[in-house]
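Peer 1: Questions regarding the structure given below will be posed in turn.
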Amino acid sequence: MAENLSLQNFDWDAYEKEAQGKQNEEVLAKYDQTLNAIKDNEVVDGTVISINKREVVVNVGYKSDGIIPATEFRYNPDLKVGDKVEVYIQTQEDRKGQLVLSHKEARTSRSWDRVNDACNSGEIVNGYIKCRTKGGMIVDVLGMEAFLPGSQIDVKPIRDYDQFVGKTMEFKIVKVNQEYRNAVVSHKALIEAELEAQRKEIVNGLEKGQVLEGVVKNITNYGVFIDLGGVDGLIHITDLSWGRISDPKEIVALDQKINVVILDFDDEKKRIALGLKQLTPHPWDALDADIKVGDKVHGKVVVMTDYGAFVEVAEGVEGLVHVSEMSWSQHLRSANDFLKVGDEIDAIILTLDRDERKMSLGIKQLKADPWENIDTKYAVGTRHFAKVRNFTNFGVFVEIEEGVDGLVHISDLSWTKKIKHPSEFTQIGTEMEVMVLEIDKENRRLSLGHKQLEENPWEELEAKYGVDTIVSGKVVEINDKGAVVTLEDGVEGFCTSRHLAKEDKSVVKNGDTLDFKVIEFNRDAKRILLSHLRTWEERKEVPAEKKAAKKEAAPELPKMEKTTLGDLSVLADLKASLEEAPKAEEAPAKKVAKKATKKAEEQTEE
């Protein structure tokens, strides 16, 4: 009865649900056993099951397949369905329930160890050149990005980097940085390894003087690098041509095949010196045997220096024109004032040394020496116009014509003016007329004068400016000793400071025009001394009232212009007579007598 009651109270719905749940769990467990056990953030192997332009579908044995962008397989253009690839489980289910995978991260997580192993072992790896960057390229190697310097792409300089973008090439990992986890790769290192074997073979067979064929690999401003088939040599710019060149491109071009001769080589330093001009005879050896000193030659200026110009008279044959041989003028300047590079000129051979391969030339010799007929062309007493070239304290240097210079002494500039420096009289670059005074043909010197163009005016001036003559003059200069005064006819006189005193006690200034008395005229010394003081001092008269007062205050005394010994005796007698007079009456007369005595004594002392 009790048993029946328990069956009646049994929950058949709950039992059914529980049995169904257990069954589902068993089914799910059996299903999970058919799938791979994967976890987030781990690397597993997968199989490519589909490929299109945008994505690659990979099966990792999970309940859903993963989709990976096709760009992550760009390094492997040969990828096909069925290939095994490494993938990184980013998440088993995203919001859409999709398995998210990454092939790039899978490669990156394992690539660093493989990069280090490849660097240590020297393994050659494949890499995909992704893009250009500053100084080189970015390469995808073993799943990580590495740097390929531009200099490590090839053994020869690369002019167009873009041609390598998108290519897969072999590389050698040459450097890794553990701190920043980056690497540097090189394709050049693989080529050099192959070339090293060829180089040793080539160098072992080299001999000085051997002629080889090579290709112009690079051109610099100092020379040309030649590829001899695995080893490089340098032709210095001086060994390209017997003549002077400023740019190697004048002789060779890139990628040009040329024959060169081995001048020297150093196996240790891996240097090979080559020559091109040595394949042709030296131009001096081919120089015309009939050319001699004194011959006229034509050439082109190839090099300029301050001291001269190098002129190429034949290919590879040069002569020096020294600056002293460019002009008969004694004013030696820079050679650049006469010639410039590229000028074509005629010249005379002055010296010729075939053994030393040296030649000196001259261009002034094409003109006659102006000093050969100096006595007739510029005879003493002749007048000429000359250009002022330079000043000194003692005179002016002038040039009558190129090569003919002369000196005008400062004393020969003017008859009347006192000139302290030639710059007061003329200026550099101006023309002035001169007269030849003296010729020194041996030393190539002319003594010239300017004042000699006019007659000496001092004989006439002596009559015009005699002593005590009153003249009008203008003060043009004042110094400590006095003033320089310009008179008529441009003649100058001098007035001392004492004789500059003005009647109204005012100060004389530059530019004042005053009357002066001539107190000295020296024709030989060409000197005129003047005085303004004398013009007013001698005409000044003492007022009449002042004279009358003096007469009343003093007894009449002998009028003396100058006291003599006899006058002194008279004064002594007067003094004695006054002493005998009464004291009350003697005072006024005694004072007058004493004053007269003192004045007479002073005049006597003077």
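Labeling convention for the structure tokens: chains A, B, ... as they appear, residues from 1 per chain, ligands from 1 in order of appearance.
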Among segment 288-356 of chain A, which ones does DSSP assign to strand (DSSP E or B) (computed from the backbone)? Answer as a VMD selection string.
Peer 2: chain A and resid 296 to 304 308 to 314 317 to 322 344 to 353
Peer 1: Compile the contact shell of Lys292 of chain A as a list in words: residues with an atom at most 10 Å away, counting only C-alpha atoms, same-chain residues fewer than 6 positions apart removed.
Peer 2: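 So the residues in contact are Ile348, Ile349, Leu350, Thr351, Leu352 and Asp353 of chain A.
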Peer 1: Taking the backbone alone, and naming residues the way the document does, which bits of segment 201-348 of chain A are alpha helix (DSSP H) by DSSP, as a ChimeraX atom specification?
Peer 2: /A:201-204
Peer 1: Now that the selection is made, can you save its residues with N, CA and C atoms as a PDB file, in the first residue's frame?
Peer 2:
```
ATOM      1  N   GLU A 201      91.273  34.380 -56.639  1.00  0.00           N
ATOM      2  CA  GLU A 201      91.798  33.794 -57.870  1.00  0.00           C
ATOM      3  C   GLU A 201      92.335  34.882 -58.802  1.00  0.00           C
ATOM      4  N   ILE A 202      91.592  36.045 -58.866  1.00  0.00           N
ATOM      5  CA  ILE A 202      92.013  37.138 -59.746  1.00  0.00           C
ATOM      6  C   ILE A 202      93.284  37.804 -59.216  1.00  0.00           C
ATOM      7  N   VAL A 203      93.305  38.105 -57.894  1.00  0.00           N
ATOM      8  CA  VAL A 203      94.444  38.799 -57.305  1.00  0.00           C
ATOM      9  C   VAL A 203      95.715  37.974 -57.419  1.00  0.00           C
ATOM     10  N   ASN A 204      95.578  36.666 -57.253  1.00  0.00           N
ATOM     11  CA  ASN A 204      96.762  35.798 -57.352  1.00  0.00           C
ATOM     12  C   ASN A 204      97.387  35.842 -58.752  1.00  0.00           C
TER      13      ASN A 204
END
```
Peer 1: So the first atom is atom CA of Tyr465 of chain A and the second is atom CA of Asp524 of chain A; what is the distance between them in Å, to one decimal place?
Peer 2: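 So the two atoms, atom CA of Tyr465 of chain A and atom CA of Asp524 of chain A, lie 14.4 Å apart.
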Peer 1: Quick one: residues within 8 Å of Ser447 of chain A, only C-alpha atoms, excluding same-chain residues fewer than 6 positions away - as a list in words?
Peer 2: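 In the requested format, the answer is Gly406, Leu407, Val408, His409, Val436, Leu437, Glu438 and Ile439 of chain A.
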Peer 1: Put those residues in a file: all heavy atoms, as a compact mmCIF listing (two decimals), in the first residue's frame.
Peer 2:
```
# COMPACT_ATOMS: atom_id res chain seq x y z
N GLY A 406 106.88 106.23 -63.26
CA GLY A 406 107.74 107.31 -62.81
C GLY A 406 107.28 107.84 -61.47
O GLY A 406 106.18 107.56 -61.00
N LEU A 407 108.16 108.64 -60.84
CA LEU A 407 107.87 109.22 -59.53
C LEU A 407 107.88 110.74 -59.63
O LEU A 407 108.83 111.34 -60.15
CB LEU A 407 108.90 108.77 -58.49
CG LEU A 407 108.85 109.48 -57.14
CD1 LEU A 407 107.56 109.13 -56.41
CD2 LEU A 407 110.06 109.12 -56.28
N VAL A 408 106.81 111.35 -59.12
CA VAL A 408 106.75 112.80 -58.97
C VAL A 408 106.98 113.08 -57.49
O VAL A 408 106.13 112.76 -56.65
CB VAL A 408 105.39 113.37 -59.42
CG1 VAL A 408 105.40 114.89 -59.27
CG2 VAL A 408 105.07 112.96 -60.84
N HIS A 409 108.15 113.67 -57.16
CA HIS A 409 108.46 113.94 -55.77
C HIS A 409 107.50 115.00 -55.24
O HIS A 409 107.03 115.88 -55.99
CB HIS A 409 109.91 114.40 -55.61
CG HIS A 409 110.39 114.35 -54.19
ND1 HIS A 409 110.23 115.41 -53.33
CD2 HIS A 409 111.01 113.37 -53.48
CE1 HIS A 409 110.74 115.10 -52.15
NE2 HIS A 409 111.21 113.85 -52.21
N VAL A 436 109.19 115.03 -67.90
CA VAL A 436 110.30 114.13 -67.62
C VAL A 436 111.50 114.96 -67.18
O VAL A 436 111.96 115.84 -67.91
CB VAL A 436 110.66 113.28 -68.85
CG1 VAL A 436 111.82 112.37 -68.53
CG2 VAL A 436 109.45 112.47 -69.31
N LEU A 437 112.00 114.68 -65.97
CA LEU A 437 113.14 115.41 -65.42
C LEU A 437 114.43 114.62 -65.55
O LEU A 437 115.49 115.19 -65.80
CB LEU A 437 112.89 115.74 -63.94
CG LEU A 437 111.61 116.52 -63.61
CD1 LEU A 437 111.52 116.78 -62.12
CD2 LEU A 437 111.56 117.83 -64.39
N GLU A 438 114.33 113.28 -65.37
CA GLU A 438 115.55 112.46 -65.39
C GLU A 438 115.18 111.03 -65.78
O GLU A 438 114.09 110.54 -65.43
CB GLU A 438 116.21 112.48 -64.02
CG GLU A 438 117.55 111.76 -63.97
CD GLU A 438 118.17 111.79 -62.58
OE1 GLU A 438 117.69 112.57 -61.73
OE2 GLU A 438 119.13 111.02 -62.35
N ILE A 439 116.08 110.32 -66.51
CA ILE A 439 115.84 108.94 -66.95
C ILE A 439 116.94 108.05 -66.39
O ILE A 439 118.13 108.35 -66.54
CB ILE A 439 115.83 108.84 -68.49
CG1 ILE A 439 114.70 109.70 -69.07
CG2 ILE A 439 115.66 107.38 -68.92
CD1 ILE A 439 114.71 109.74 -70.59
```
